[in-house]
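Here's the structure, in structure tokens; my notes come after.
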Amino acid sequence: MIGQDVIQLVLYFGLLIIATPILGTYMARLFTGKSTPLTRILTPVENGIYRLGGINPTEEQDWRKYAVAMMVFNIIGFLVVFTLQMLQGGLPLNPANVPSTTPHLAFNTATSFMTNTNWQSYGGETTMSYLTQMLGLAVQNFLSAATGIAVMVALARGLANKSSKILGNFWSDIVKSTLYVLLPLSIIVAVILISQGVVQNLTPYVEVQTLSGEAQYLPQGPAASQIAIKQLGTNGGGFFNVNSAHPYENPTPLSNFLQMFAILLIPASLTYTYGVMVGDKRHGWVIFFAMFTLLIAGLSVMLISEYSTNPIYGIGGLMEGKETRFGVTNSVLWGVTTTAASNGSVNSMHSSFSPIAGGIAMLNIMLGEVIFGGVGAGMYGMFVFIVLTVFIAGLMVGRTPEYLGKKIESREIKLVTIAVLLPNATILLFTALALLIPEGLASRTNVGAHGLSEILYAFTSGAGNNGSAFAGLNANTPFYNVFIGLAMWIGRFGVILPVLAVAGSMAGKKVSPISQGTFRTDRPLFVVLLIAVILIIGGLTFFPALSLGPIVEHLLMGAGVAF
């Protein structure tokens, strides 16, 4: 590393800490019904949307009604994107004349963008028309992110309410999230990206002649508008095949820095929003620094591993597979950010990371995407571990566990256990299935430990709703499209539905006053315990699988063996 790398890291994380209470306060005011700087401008638009959709924004919903509305909304989004792909060959705004997709790819892609995963088994410029990109994928980038914010807001209301089982109105939360948060930020980021050279047009692909005299087609399209929300909404799906390594998506150092910053901006700020809404700002900061500590630890291990001397080549800081324009540090920072935030966009190939660095990227997802995590999803995912931490601490001192003054009972523990087990079991079982059948093994590029990592990472990314790929695995096959698609459904709604059920259960409970025996969740000790619980659960669940993949590969690399 050089001095400029250190300065950039300090600037990056410093700006993140500064922005967290600013944007967090804005969102807290928005979702508690207070005025914001955009209220006067956007209220007429908001009311018009309600009238157009026949929505009564003042109608309160309990957790069941909220969950039903959320599921119906997302299933409709899935069907729209699926239909667009199946018909795009005969629809307008298709200057490259790309054909309709296969049903299994349409299922995978529609699921991917609906669940905020944005796993892509295809090359964007050769598979999706402009219409599908704009009307299907870009729209779902907004709505899937808004769904995550809405669920987090409903959870915060459930914890803040006293003897009331009401969580708010899903339709109102979706509209506010999109109109007041995601859309304004996306416009700002898109304009900056356009100024840096990110393409934004509807022109046909341009044919040019290379220096060797060969004809080459340069893809065009409305990329900047999709890149902005893909980062801000922790979606991650690239407009072009190589994602943010493509110069039309990420042309300059400023665009690179801005996109990395956008990935964590909203997830980090939502920790502060959560603290304000539950009436405990200190607790919000405790959650922030628990996430921040895990992020810095992962980044440090990855940087050390990448800059250490590779035993096979005898040098450190290898550039193979990295973003050559921005260097190793920027490649690693993007890698840890995108896997910590369930974003999934890449500016380098994770398969080219050293075994330990690639393993940390995979572990970030395996821990439940709670190191800031997806927009909204990271916060309600962390809530699951908070409940487990409070429960374990209560057992240690022989007291009934309480969280924010409300007792945690067997129903809540059963529900959060389901939320932890479902994605984890999906990752391990689907990976095992892929390793046992020819259809799963045939898609590998590498054998041995690295080949295992390719398959394990794919299902981890799907069930974790991350969307990044280890590279090397041909996932555009019926088997992988269907099973990774199923993993995305389970990973998304297998967590959301239990969390909403817990929110509904907690909403109806009375608040007990703080006493000498209350386990405080706004102290540094809670940060330590929370991190320990996250690492223990992730370690116990996935250490055997990681031992057979990245850890074995690292040991073999030391012996001069590569895959």
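Residues in the structure tokens are named by chain (A, B, ... in the order shown) and by number from 1 within that chain; ligands are numbered from 1 in the order shown.
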
*Near-segment 258-274 of chain A list (8 Å; only C-alpha atoms; drop same-chain fewer than 2 positions) as an MDAnalysis selection string*: chainID A and resid 12 16 19:25 27:28 152:153 156 189 228 231:234 254:256 276:278 281 284:285 287:288 334 337:338 341 343 372:376 378:379

*asked:* Need to verify the contact set: segment 172-188 of chain A, 8 Å, only C-alpha atoms, exclusion of same-chain residues closer than 2 positions in sequence. Can you return it as number ranges by chain?
replied: A: 27, 30-31, 38, 42, 46, 49, 57, 142-143, 146-147, 149-150, 153, 168-170, 190-192, 225, 228-229, 232-233

Keeping N, CA, C and O atoms for every residue in the selection just given, could you write it to a file as a CSV table (one decimal), in the first residue's frame?
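Here's the written file again.csv:
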chain,number,residue,atom,x,y,z
A,27,MET,N,-34.1,10.3,7.5
A,27,MET,CA,-35.0,9.2,7.3
A,27,MET,C,-35.9,9.0,8.5
A,27,MET,O,-37.1,8.6,8.4
A,30,LEU,N,-38.7,11.4,8.3
A,30,LEU,CA,-39.6,11.0,7.3
A,30,LEU,C,-40.6,9.9,7.8
A,30,LEU,O,-41.8,10.0,7.6
A,31,PHE,N,-40.0,8.9,8.4
A,31,PHE,CA,-40.9,7.7,8.8
A,31,PHE,C,-41.6,7.9,10.1
A,31,PHE,O,-42.3,7.0,10.5
A,38,LEU,N,-37.8,18.0,1.8
A,38,LEU,CA,-38.5,17.7,0.6
A,38,LEU,C,-40.0,17.5,0.7
A,38,LEU,O,-40.7,17.3,-0.3
A,42,LEU,N,-42.6,17.3,-2.5
A,42,LEU,CA,-43.0,16.0,-2.9
A,42,LEU,C,-44.4,15.5,-2.4
A,42,LEU,O,-44.9,14.5,-2.8
A,46,GLU,N,-46.7,12.5,-3.8
A,46,GLU,CA,-47.0,11.4,-2.9
A,46,GLU,C,-48.5,11.2,-2.9
A,46,GLU,O,-49.0,10.0,-3.1
A,49,ILE,N,-49.9,9.7,-6.0
A,49,ILE,CA,-49.6,8.2,-6.1
A,49,ILE,C,-50.6,7.4,-5.3
A,49,ILE,O,-51.2,6.4,-5.8
A,57,PRO,N,-53.3,5.9,3.0
A,57,PRO,CA,-52.0,5.8,3.7
A,57,PRO,C,-52.2,5.8,5.2
A,57,PRO,O,-51.2,5.5,5.9
A,142,PHE,N,-35.3,-0.1,-7.5
A,142,PHE,CA,-35.9,0.8,-6.5
A,142,PHE,C,-36.8,0.1,-5.6
A,142,PHE,O,-36.8,0.3,-4.3
A,143,LEU,N,-37.7,-0.8,-6.1
A,143,LEU,CA,-38.8,-1.3,-5.3
A,143,LEU,C,-38.3,-2.4,-4.3
A,143,LEU,O,-38.8,-2.5,-3.2
A,146,ALA,N,-36.7,-0.5,-1.6
A,146,ALA,CA,-37.7,0.2,-0.7
A,146,ALA,C,-38.4,-0.9,0.1
A,146,ALA,O,-38.8,-0.6,1.3
A,147,THR,N,-38.6,-2.1,-0.3
A,147,THR,CA,-39.1,-3.2,0.5
A,147,THR,C,-38.3,-3.4,1.7
A,147,THR,O,-38.8,-3.5,2.8
A,149,ILE,N,-36.2,-1.3,3.2
A,149,ILE,CA,-36.4,-0.1,4.1
A,149,ILE,C,-37.7,-0.2,4.9
A,149,ILE,O,-37.8,0.0,6.1
A,150,ALA,N,-38.8,-0.6,4.2
A,150,ALA,CA,-40.1,-0.7,4.8
A,150,ALA,C,-40.2,-1.7,5.9
A,150,ALA,O,-40.8,-1.4,7.0
A,153,VAL,N,-38.4,-0.3,8.9
A,153,VAL,CA,-39.2,0.7,9.6
A,153,VAL,C,-40.3,0.1,10.4
A,153,VAL,O,-40.6,0.5,11.5
A,168,GLY,N,-47.7,0.0,11.0
A,168,GLY,CA,-47.8,1.1,10.0
A,168,GLY,C,-48.5,0.6,8.7
A,168,GLY,O,-49.3,-0.3,8.8
A,169,ASN,N,-48.2,1.2,7.6
A,169,ASN,CA,-48.8,0.9,6.4
A,169,ASN,C,-47.8,0.6,5.3
A,169,ASN,O,-46.9,1.5,5.0
A,170,PHE,N,-47.7,-0.6,4.8
A,170,PHE,CA,-46.7,-1.0,3.9
A,170,PHE,C,-46.7,-0.1,2.6
A,170,PHE,O,-45.6,0.3,2.2
A,190,ALA,N,-26.6,9.8,-10.3
A,190,ALA,CA,-26.6,9.6,-11.8
A,190,ALA,C,-26.0,10.8,-12.5
A,190,ALA,O,-25.3,10.6,-13.5
A,191,VAL,N,-26.4,12.0,-12.1
A,191,VAL,CA,-25.9,13.2,-12.8
A,191,VAL,C,-24.3,13.2,-12.6
A,191,VAL,O,-23.6,13.5,-13.6
A,192,ILE,N,-23.8,12.9,-11.4
A,192,ILE,CA,-22.4,12.9,-11.3
A,192,ILE,C,-21.7,11.9,-12.1
A,192,ILE,O,-20.7,12.1,-12.7
A,225,SER,N,-28.4,5.8,-15.1
A,225,SER,CA,-29.6,5.7,-14.2
A,225,SER,C,-29.7,4.5,-13.4
A,225,SER,O,-30.2,4.4,-12.3
A,228,ALA,N,-26.7,4.2,-10.6
A,228,ALA,CA,-26.9,5.0,-9.4
A,228,ALA,C,-27.7,4.2,-8.4
A,228,ALA,O,-27.4,4.1,-7.2
A,229,ILE,N,-28.9,3.6,-8.8
A,229,ILE,CA,-29.7,2.9,-7.9
A,229,ILE,C,-29.2,1.6,-7.6
A,229,ILE,O,-29.5,1.0,-6.5
A,232,LEU,N,-26.9,2.6,-4.6
A,232,LEU,CA,-27.6,3.2,-3.5
A,232,LEU,C,-28.6,2.2,-2.9
A,232,LEU,O,-28.8,2.2,-1.6
A,233,GLY,N,-29.2,1.3,-3.7
A,233,GLY,CA,-30.1,0.3,-3.2
A,233,GLY,C,-29.5,-1.0,-2.8
A,233,GLY,O,-30.2,-2.0,-2.6

*If you count only C-alpha atoms, which residues fall within 12 Å of segment 505-512 of chain A, apart from same-chain ones fewer than 3 positions away, as a PyMOL selection string?*
chain A and resi 61-64+154-168+278+387+400-413+415+498-502+515+517-518

_Residue set, segment 395-517 of chain A restricted to strand (DSSP E or B), as a PyMOL selection string_ = chain A and resi 402-403+406-407

*Would you mind listing what lies within 8 Å of Thr445 of chain A as an MDAnalysis selection string, with only C-alpha atoms counted and same-chain residues fewer than 2 positions away left out?*
chainID A and resid 443 447 451 472:474
